[in-house]
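Student: Quick one, upload-v5.txt (compact mmCIF, C-alpha atoms):
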# COMPACT_ATOMS: atom_id res chain seq x y z
CA MET A 1 179.06 108.99 137.79
CA ARG A 2 177.45 107.25 140.76
CA ARG A 3 179.10 104.14 142.18
CA LEU A 4 177.57 100.91 143.40
CA LEU A 5 179.45 98.42 145.58
CA GLN A 6 177.96 94.99 146.13
CA ILE A 7 179.32 92.53 148.69
CA ASN A 8 178.66 88.80 148.43
CA THR A 9 180.36 85.51 149.23
CA ASN A 10 181.05 84.78 145.56
CA ILE A 11 180.56 86.07 142.06
CA GLY A 12 179.37 84.21 138.99
CA TRP A 13 178.41 80.82 140.43
CA ASN A 14 175.28 79.67 142.28
CA SER A 15 172.12 81.74 142.15
CA VAL A 16 173.16 84.59 144.45
CA GLY A 17 176.54 84.97 142.74
CA ARG A 18 174.86 85.16 139.35
CA ILE A 19 172.28 87.64 140.63
CA ALA A 20 174.98 89.96 142.02
CA GLY A 21 176.83 89.89 138.71
CA GLN A 22 173.69 90.61 136.72
CA ILE A 23 172.65 93.46 139.01
CA GLY A 24 176.08 94.98 138.43
CA ASP A 25 175.63 94.70 134.67
CA ALA A 26 172.20 96.37 134.93
CA ALA A 27 173.65 99.19 137.04
CA ILE A 28 176.37 99.82 134.44
CA ALA A 29 173.74 99.92 131.69
CA ALA A 30 171.89 102.52 133.76
CA GLY A 31 174.96 104.73 133.98
CA TRP A 32 176.49 103.60 137.27
CA GLU A 33 179.98 102.36 138.00
CA SER A 34 179.74 98.89 139.48
CA TYR A 35 182.07 97.06 141.87
CA ILE A 36 181.58 93.67 143.47
CA ALA A 37 183.55 92.57 146.52
CA TYR A 38 183.68 88.81 146.97
CA SER A 39 185.65 86.10 148.76
CA ARG A 40 185.28 82.78 146.95
CA ASP A 41 187.22 82.10 143.74
CA PRO A 42 185.12 82.72 140.64
CA GLY A 43 186.75 79.58 139.23
CA GLY A 44 186.73 81.02 135.74
CA VAL A 45 182.95 81.38 135.79
CA ALA A 46 182.50 85.01 136.82
CA GLY A 47 179.40 84.98 134.68
CA GLY A 48 180.79 87.45 132.18
CA SER A 49 180.16 90.24 134.68
CA THR A 50 181.37 93.64 133.56
CA SER A 51 181.69 94.91 137.13
CA GLN A 52 185.11 95.56 138.63
CA LEU A 53 185.90 92.82 141.14
CA ILE A 54 187.48 93.23 144.57
CA ARG A 55 188.79 90.15 146.37
CA ILE A 56 188.16 89.96 150.12
CA GLY A 57 190.73 88.03 152.15
CA SER A 58 192.32 84.75 151.15
CA ARG A 59 191.78 81.02 151.50
CA PRO A 60 193.80 80.88 154.76
CA ASP A 61 191.60 83.72 156.09
CA ARG A 62 188.49 81.67 155.38
CA TYR A 63 189.99 78.56 156.95
CA ALA A 64 190.85 80.48 160.12
CA HIS A 65 187.36 81.96 160.24
CA GLY A 66 185.88 78.51 159.69
CA LEU A 67 187.91 77.07 162.55
CA LEU A 68 186.79 79.89 164.85
CA THR A 69 183.21 79.09 163.93
CA ARG A 70 183.65 75.36 164.51
CA LEU A 71 185.19 75.85 167.94
CA THR A 72 183.22 78.78 169.35
CA ASP A 73 180.06 79.31 167.26
CA ALA A 74 181.37 82.78 166.45
CA HIS A 75 180.51 82.90 162.76
CA GLY A 76 180.88 86.37 161.34
CA LEU A 77 183.35 87.41 164.06
CA GLY A 78 186.57 86.35 162.31
CA SER A 79 188.26 87.90 159.26
CA ALA A 80 189.00 91.15 161.10
CA ALA A 81 192.08 92.08 159.05
CA ALA A 82 190.41 91.18 155.75
CA THR A 83 187.39 93.30 156.67
CA ARG A 84 189.54 96.29 157.60
CA ARG A 85 191.31 96.03 154.25
CA LEU A 86 187.91 95.98 152.55
CA ILE A 87 186.88 99.09 154.48
CA SER A 88 190.00 100.89 153.29
CA ARG A 89 189.02 100.00 149.75
CA ILE A 90 185.47 101.25 150.32
CA ASP A 91 186.89 104.54 151.59
CA GLU A 92 188.89 104.89 148.37
CA LEU A 93 185.87 104.14 146.20
CA SER A 94 183.41 106.31 148.14
CA PRO A 95 180.37 104.44 146.76
CA ASP A 96 176.96 106.09 146.61
CA VAL A 97 175.25 102.83 147.61
CA VAL A 98 176.51 99.66 149.28
CA HIS A 99 174.44 96.59 148.44
CA LEU A 100 174.90 93.57 150.70
CA HIS A 101 173.90 90.03 149.79
CA ASN A 102 175.19 87.05 151.82
CA ILE A 103 177.69 88.27 154.38
CA HIS A 104 177.97 84.84 155.99
CA GLY A 105 180.46 82.41 154.49
CA TYR A 106 183.62 82.81 156.61
CA TYR A 107 184.91 86.01 155.03
CA ILE A 108 183.44 89.10 156.75
CA ASN A 109 183.60 90.43 160.31
CA TYR A 110 180.12 91.89 160.45
CA PRO A 111 180.54 94.08 163.59
CA ILE A 112 183.54 95.82 162.00
CA LEU A 113 181.77 96.24 158.67
CA PHE A 114 178.53 97.54 160.17
CA ASP A 115 180.32 99.89 162.53
CA TYR A 116 181.92 101.46 159.47
CA LEU A 117 178.64 101.56 157.52
CA SER A 118 176.90 103.16 160.49
CA ARG A 119 179.54 105.89 160.81
CA SER A 120 179.89 106.48 157.07
CA GLY A 121 176.25 107.30 156.41
CA ILE A 122 176.40 105.47 153.06
CA PRO A 123 172.94 104.20 152.06
CA VAL A 124 172.86 100.41 152.45
CA VAL A 125 170.62 97.95 150.63
CA TRP A 126 170.60 94.45 152.07
CA THR A 127 169.00 91.65 150.04
CA LEU A 128 168.13 88.79 152.37
CA HIS A 129 168.45 85.43 150.67
CA ASP A 130 167.98 83.43 153.89
CA CYS A 131 167.33 83.90 157.62
CA TRP A 132 170.91 83.98 158.92
CA PRO A 133 170.83 87.75 159.67
CA LEU A 134 167.85 87.17 161.98
CA THR A 135 168.93 84.09 163.93
CA GLY A 136 171.59 83.21 166.45
CA HIS A 137 173.07 80.50 164.28
CA CYS A 138 171.34 78.92 161.28
CA ALA A 139 170.31 80.19 157.87
CA PHE A 140 167.12 78.12 157.57
CA PRO A 141 165.35 77.60 160.92
CA ALA A 142 162.27 76.31 159.10
CA ALA A 143 164.25 73.21 158.10
CA THR A 144 163.58 71.81 161.58
CA GLY A 145 160.37 73.71 162.23
CA CYS A 146 162.14 76.03 164.67
CA ASP A 147 160.56 79.43 165.38
CA ARG A 148 162.59 80.44 168.44
CA HIS A 149 164.31 83.17 166.45
CA GLN A 150 161.00 85.06 166.50
CA CYS A 151 161.63 85.84 170.17
CA VAL A 152 165.01 84.68 171.48
CA CYS A 153 167.21 81.97 169.97
CA ARG A 154 167.99 79.30 172.56
CA ASP A 155 168.56 75.56 172.77
CA CYS A 156 169.60 75.59 169.12
CA SER A 157 168.83 72.32 167.34
CA GLN A 158 170.97 73.19 164.32
CA THR A 159 174.33 73.88 165.95
CA ARG A 160 175.93 71.20 163.75
CA SER A 161 174.33 72.64 160.62
CA TYR A 162 175.89 75.42 158.54
CA PRO A 163 177.69 77.37 159.87
CA ALA A 164 178.53 74.36 162.02
CA SER A 165 179.87 74.58 165.56
CA TRP A 166 181.34 71.45 167.07
CA LEU A 167 181.79 72.34 170.73
CA ARG A 168 179.29 74.94 171.87
CA SER A 169 176.27 77.04 171.03
CA ARG A 170 176.07 80.76 171.64
CA ALA A 171 172.84 81.33 169.74
CA SER A 172 171.32 83.80 172.22
CA ALA A 173 174.46 85.93 172.39
CA ASN A 174 174.88 85.83 168.61
CA GLN A 175 171.31 86.96 168.00
CA HIS A 176 171.62 89.77 170.54
CA ARG A 177 174.83 90.99 168.90
CA LYS A 178 173.24 90.89 165.45
CA ALA A 179 170.26 92.91 166.69
CA GLU A 180 172.54 95.62 168.09
CA THR A 181 174.92 95.60 165.13
CA PHE A 182 172.49 95.50 162.22
CA GLY A 183 170.12 97.95 163.87
CA SER A 184 172.90 100.53 164.17
CA VAL A 185 172.79 101.46 160.47
CA ALA A 186 170.20 104.22 160.14
CA ASN A 187 170.14 104.32 156.34
CA LEU A 188 169.41 100.63 155.80
CA THR A 189 166.79 99.23 153.41
CA ILE A 190 165.96 95.53 153.67
CA VAL A 191 165.03 93.64 150.49
CA PRO A 192 163.48 90.22 151.21
CA VAL A 193 163.27 88.17 148.03
CA SER A 194 159.95 86.58 148.96
CA HIS A 195 156.78 87.61 150.74
CA TRP A 196 157.33 84.67 153.07
CA LEU A 197 160.66 86.06 154.24
CA ASN A 198 159.22 89.56 154.42
CA SER A 199 156.67 88.31 156.96
CA ILE A 200 159.49 86.89 159.07
CA VAL A 201 161.52 90.09 158.88
CA SER A 202 158.47 92.14 159.89
CA GLY A 203 158.38 90.36 163.26
CA SER A 204 162.13 90.52 163.85
CA PHE A 205 164.53 93.11 165.23
CA LEU A 206 164.82 94.46 161.68
CA GLY A 207 161.07 94.96 161.43
CA ASP A 208 161.29 98.73 161.81
CA LYS A 209 163.64 99.13 158.83
CA PRO A 210 162.26 100.15 155.42
CA ARG A 211 161.55 97.05 153.34
CA LEU A 212 160.88 96.35 149.69
CA VAL A 213 160.14 92.84 148.40
CA ILE A 214 161.96 92.19 145.13
CA HIS A 215 161.60 88.66 143.84
CA ASN A 216 164.69 87.06 142.40
CA GLY A 217 164.67 87.32 138.64
CA ILE A 218 166.38 85.16 136.05
CA ASP A 219 167.82 85.84 132.62
CA VAL A 220 164.99 84.71 130.37
CA ASP A 221 167.22 84.84 127.31
CA ILE A 222 169.66 82.31 128.77
CA PHE A 223 166.98 80.17 130.38
CA ASN A 224 164.72 79.53 127.43
CA ARG A 225 163.12 76.53 125.77
CA THR A 226 165.58 74.57 123.66
CA ASP A 227 164.93 72.12 120.85
CA ALA A 228 165.08 69.25 123.34
CA VAL A 229 161.91 67.16 123.49
CA PRO A 230 160.59 66.69 127.05
CA THR A 231 160.88 63.11 128.23
CA ARG A 232 158.92 61.16 130.80
CA SER A 233 161.40 62.09 133.47
CA VAL A 234 161.97 64.00 136.69
CA LEU A 235 164.80 66.48 137.27
CA ALA A 236 166.04 67.84 140.59
CA ALA A 237 168.93 70.29 140.89
CA ALA A 238 170.84 72.18 143.58
CA SER A 239 174.18 73.94 143.88
CA VAL A 240 174.92 71.87 147.00
CA TRP A 241 172.91 68.85 148.08
CA ASP A 242 172.73 68.85 151.87
CA GLU A 243 170.11 67.43 154.21
CA ARG A 244 167.92 70.52 153.82
CA LYS A 245 167.68 70.03 150.06
CA GLY A 246 165.91 66.70 150.51
CA LEU A 247 168.25 64.16 148.97
CA GLY A 248 166.89 61.47 151.28
CA ASP A 249 163.33 62.25 150.21
CA LEU A 250 164.40 62.07 146.58
CA VAL A 251 165.80 58.56 147.04
CA GLY A 252 162.52 57.59 148.69
CA LEU A 253 160.57 59.16 145.84
CA ARG A 254 162.45 57.05 143.29
CA ALA A 255 161.04 53.92 144.90
CA LEU A 256 157.47 55.23 144.55
CA LEU A 257 157.65 56.18 140.87
CA PRO A 258 157.13 53.72 137.99
CA ASP A 259 160.24 52.27 136.40
CA ASP A 260 159.50 54.01 133.12
CA VAL A 261 159.89 57.44 134.77
CA GLY A 262 163.51 58.54 134.74
CA VAL A 263 164.98 60.46 137.67
CA CYS A 264 167.99 62.76 137.23
CA VAL A 265 169.73 64.60 140.06
CA LEU A 266 172.01 67.49 139.15
CA GLY A 267 174.61 69.10 141.42
CA LEU A 268 175.86 66.12 143.41
CA SER A 269 179.35 65.84 144.80
CA ARG A 270 181.58 63.02 143.61
CA SER A 271 180.92 60.96 146.74
CA GLN A 272 177.16 61.55 146.51
CA CYS A 273 177.16 60.40 142.89
CA LYS A 274 178.72 57.11 143.95
CA ARG A 275 176.09 56.58 146.65
CA MET A 276 173.03 57.07 144.45
CA PRO A 277 170.95 53.90 144.04
CA ALA A 278 170.03 52.29 140.74
CA GLY A 279 167.34 54.16 138.85
CA ILE A 280 168.77 57.62 139.54
CA THR A 281 171.01 59.38 137.04
CA ALA A 282 173.54 61.26 139.18
CA LEU A 283 175.30 64.30 137.73
CA PRO A 284 177.75 66.86 139.18
CA ARG A 285 177.07 70.58 139.42
CA CYS A 286 176.82 72.35 136.08
CA ASP A 287 177.83 76.02 135.80
CA ASP A 288 177.23 76.11 132.04
CA THR A 289 173.90 77.94 131.84
CA ALA A 290 173.26 76.84 128.24
CA ARG A 291 173.67 73.22 129.30
CA LEU A 292 171.41 73.84 132.30
CA ALA A 293 168.71 75.11 129.95
CA THR A 294 168.95 71.85 128.02
CA TYR A 295 168.63 69.77 131.20
CA TYR A 296 165.53 71.75 132.18
CA SER A 297 163.99 71.50 128.71
CA GLU A 298 164.50 67.73 128.52
CA ALA A 299 162.73 67.07 131.82
CA GLY A 300 159.05 66.24 131.98
CA VAL A 301 158.78 67.86 135.41
CA PHE A 302 161.17 69.63 137.76
CA ILE A 303 160.88 68.86 141.48
CA ASN A 304 162.12 70.69 144.57
CA LEU A 305 162.17 68.73 147.82
CA SER A 306 163.81 71.37 149.99
CA SER A 307 162.54 71.48 153.56
CA ALA A 308 163.34 75.21 153.78
CA ASP A 309 164.06 77.63 150.97
CA ASN A 310 163.48 81.28 150.26
CA LEU A 311 162.85 81.75 146.55
CA PRO A 312 164.92 79.13 144.71
CA SER A 313 166.07 80.21 141.25
CA VAL A 314 166.01 76.61 140.00
CA ASN A 315 162.20 76.63 140.14
CA LEU A 316 162.16 79.76 138.01
CA GLU A 317 164.79 78.54 135.57
CA ALA A 318 162.92 75.31 134.93
CA GLN A 319 159.64 77.10 134.16
CA ALA A 320 161.42 79.60 131.91
CA CYS A 321 162.54 76.57 129.90
CA GLY A 322 158.95 75.37 129.65
CA THR A 323 159.06 72.75 132.40
CA PRO A 324 156.38 72.58 135.13
CA VAL A 325 157.45 72.41 138.79
CA VAL A 326 156.28 70.33 141.72
CA CYS A 327 157.60 71.52 145.08
CA TYR A 328 157.03 71.29 148.79
CA ASP A 329 154.98 73.91 150.61
CA SER A 330 158.16 75.25 152.13
CA GLY A 331 159.33 78.82 152.66
CA GLY A 332 158.76 81.01 149.62
CA MET A 333 158.57 78.13 147.15
CA PRO A 334 154.77 78.33 146.65
CA GLU A 335 155.33 81.88 145.34
CA THR A 336 157.28 80.47 142.38
CA VAL A 337 154.47 78.47 140.76
CA SER A 338 150.91 79.06 139.58
CA HIS A 339 148.02 76.64 139.11
CA GLU A 340 148.89 76.50 135.41
CA THR A 341 152.61 75.82 135.91
CA GLY A 342 152.87 73.26 138.69
CA LEU A 343 151.75 71.86 142.00
CA VAL A 344 152.61 72.39 145.67
CA VAL A 345 152.43 69.48 148.13
CA PRO A 346 152.85 69.29 151.92
CA ARG A 347 156.46 69.40 153.03
CA GLY A 348 157.96 65.95 153.58
CA ASP A 349 154.99 64.06 152.08
CA ILE A 350 156.79 61.83 149.58
CA GLY A 351 153.58 60.02 148.67
CA ALA A 352 151.90 63.30 147.75
CA MET A 353 154.98 64.29 145.78
CA ALA A 354 154.90 61.04 143.78
CA HIS A 355 151.19 61.49 143.07
CA ALA A 356 151.74 65.11 141.95
CA VAL A 357 154.65 64.13 139.70
CA MET A 358 152.57 61.51 137.92
CA ARG A 359 149.63 63.90 137.64
CA VAL A 360 151.83 66.45 135.88
CA LEU A 361 153.55 63.91 133.63
CA ASP A 362 150.22 62.38 132.60
CA SER A 363 148.65 65.82 131.99
CA ARG A 364 151.37 67.56 130.00
CA ARG A 365 149.31 67.54 126.77
CA GLN A 366 146.19 68.89 128.46
CA LYS A 367 147.72 71.16 131.13
CA TYR A 368 151.02 72.57 132.39
CA HIS A 369 151.96 73.59 128.87
CA ALA A 370 155.48 74.82 128.16
CA ALA A 371 154.13 78.17 126.94
CA GLU A 372 152.19 78.69 130.18
CA CYS A 373 155.28 77.96 132.24
CA ARG A 374 157.42 80.39 130.31
CA ASN A 375 154.77 83.12 130.25
CA HIS A 376 154.47 82.87 134.03
CA ILE A 377 158.18 83.63 134.39
CA LEU A 378 158.13 86.40 131.79
CA ALA A 379 155.28 88.09 133.67
CA HIS A 380 156.61 87.77 137.21
CA PHE A 381 160.28 86.78 137.36
CA ASP A 382 162.09 88.37 134.43
CA ALA A 383 165.43 89.58 135.80
CA ALA A 384 165.13 92.81 133.84
CA HIS A 385 162.06 93.80 135.87
CA ALA A 386 163.73 92.92 139.17
CA PHE A 387 166.88 94.83 138.28
CA ASP A 388 164.84 97.87 137.27
CA LYS A 389 163.45 97.90 140.81
CA TYR A 390 166.96 97.78 142.26
CA ILE A 391 168.15 100.61 140.02
CA GLY A 392 165.12 102.66 141.03
CA LEU A 393 165.93 102.04 144.69
CA TYR A 394 169.59 103.02 144.16
CA ASN A 395 168.57 106.21 142.42
CA LYS A 396 166.17 107.12 145.22
CA LEU A 397 168.71 106.45 147.97
CA SER A 398 171.52 108.37 146.24
CA GLU A 399 169.52 111.54 145.53
Once you've parsed the file, please lay out its structure as structure tokens.

Tutor:
Amino acid sequence: MRRLLQINTNIGWNSVGRIAGQIGDAAIAAGWESYIAYSRDPGGVAGGSTSQLIRIGSRPDRYAHGLLTRLTDAHGLGSAAATRRLISRIDELSPDVVHLHNIHGYYINYPILFDYLSRSGIPVVWTLHDCWPLTGHCAFPAATGCDRHQCVCRDCSQTRSYPASWLRSRASANQHRKAETFGSVANLTIVPVSHWLNSIVSGSFLGDKPRLVIHNGIDVDIFNRTDAVPTRSVLAAASVWDERKGLGDLVGLRALLPDDVGVCVLGLSRSQCKRMPAGITALPRCDDTARLATYYSEAGVFINLSSADNLPSVNLEAQACGTPVVCYDSGGMPETVSHETGLVVPRGDIGAMAHAVMRVLDSRRQKYHAAECRNHILAHFDAAHAFDKYIGLYNKLSE
């Protein structure tokens, strides 16, 4: 029986963690053995994954790696011992395919890992969920309109952004090391999850690697229309609300919408909940997918104000539950909606966002029907179709 090993920061929570778990389940159904190596605690929400889990490192390991990053901008260069222990485990498993997701997150030493992968000859699939593998520091250069990574990263404007460095920037050296390290694996297939990211990869130091765009898919059985009746309200959701996700724009949007339009923000930290102004219903992160489906179904429109995103699952989940989406023209987000299921407005234009929200809310009976939204997801973003593509790729690489 062929063996698949996936590596990701976490398992079972946030979109990438859920995707890794579901890919493992699909691989098992296709006759593979599935293992997932992860660092962050599942927290009791491993998503019901049937894969065998391998823990990478410990909390002190991550703290030490985080401190190294803060002081020297050397993210991905800590966790040497934890990575060597992982490599020993990979040797024992002898997987037929290694599938990488997010290897940033203070838990992997990427030069050690890629040196091993290069020498081992194991076919490697790498799903890119952001731009961190291509830059000298940040995961989302588009958040500040930066395009320096397309030639040489320098004068980084996001040094204090994740993965934050307090004292120095070594963006040029980091990018050069990534180019040498990632390019060393001959049997590497890159999977961008959006056509937008694919275009960026094509002009990068990974541009000569085989590539296959596979859009993120969602579980359309879990994310389905509930009995909830849509209200005249706006919903926004994120796993973590940072500056990139547009919380400031959302507060500004509240002031532009009529008082009879409710605004709910899901995924806030405790301190963020306390800071939300009147007129905004502030809720913490919800890992209960059934409850998430209810939140989506109750909303009149889902909005995404992210200044940079790849292919956010929240846009897909909302439409699968019958709710139209209004989002910024940012990253791969326009790929998530159609003319029948939502609207795209210029990034950062809160006035245009308010106008689009009201247009959708006032047109729900004539346009942006729940059935159209769900059919769009069934046709283009059903997880089963995406996972079939991954299984086909695994089979091809392991022949």

Student: Using all atoms listed in the file, which of A:Arg254, A:Arg364, A:Arg59, A:Lys396 sits nearest Ala299 of chain A?

Tutor: A:Arg364

Student: Give me, as a PyMOL selection string, all polymer residues having an atom no more than 10 Å from Leu292 of chain A, counting all atoms listed in the file and skipping those fewer than 3 positions away in the same chain.

Tutor: chain A and resi 222-223+237+266+285-289+295-298+314+317-318+321

Student: Hey, which of A:Gln175, A:Gln319, A:Asn8, A:Thr189 ends up closest to Leu393 of chain A? Count all atoms listed in the file.

Tutor: A:Thr189

Student: From the options A:Ile103, A:Val357, A:Val229, A:Ile391, which residue's atoms come nearest to Val261 of chain A, counting all atoms listed in the file?

Tutor: A:Val357

Student: Show which residues sit within 7 Å of Gly76 of chain A, as a ChimeraX atom specification. Count all atoms listed in the file, and ignore same-chain residues fewer than 2 positions away.

Tutor: /A:74,78,104,106,108-110

Student: Within 9 Å of Arg177 of chain A, counting all atoms listed in the file, which residues qualify if same-chain residues fewer than 4 places away don't, as an NGL selection string?

Tutor: :A and (111 or 136 or 172-173 or 181-182)

Student: I need the residues from that last selection saved to file as an mmCIF file, keeping the file's coordinate frame (with C-alpha atoms), if you can.

Tutor:
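Output below, filename selection_0.cif:
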data_model
loop_
_atom_site.group_PDB
_atom_site.id
_atom_site.type_symbol
_atom_site.label_atom_id
_atom_site.label_comp_id
_atom_site.auth_asym_id
_atom_site.auth_seq_id
_atom_site.Cartn_x
_atom_site.Cartn_y
_atom_site.Cartn_z
ATOM 1 C CA PRO A 111 180.540 94.080 163.590
ATOM 2 C CA GLY A 136 171.590 83.210 166.450
ATOM 3 C CA SER A 172 171.320 83.800 172.220
ATOM 4 C CA ALA A 173 174.460 85.930 172.390
ATOM 5 C CA THR A 181 174.920 95.600 165.130
ATOM 6 C CA PHE A 182 172.490 95.500 162.220
#

Student: Quick one, how far is atom CA of Ile200 of chain A from atom CA of Trp166 of chain A?

Tutor: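 Going from atom CA of Ile200 of chain A over to atom CA of Trp166 of chain A, I get 27.9 Å.
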
Student: So, counting only C-alpha atoms, which residue among A:Leu128, A:Ile218, A:Ile190, A:Ala371 is closest to Gly21 of chain A?

Tutor: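 Closest to Gly21 of chain A of all the choices is A:Ile218.
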
Student: Can you sort out the box for segment 24-39 of chain A, edges along x, y and z, all listed atoms in, 8 Å on every side, with centre and edge lengths in Å to one decimal, as lines of an AutoDock Vina configuration file?

Tutor:
center_x = 178.8
center_y = 95.4
center_z = 140.2
size_x = 29.8
size_y = 34.6
size_z = 33.1
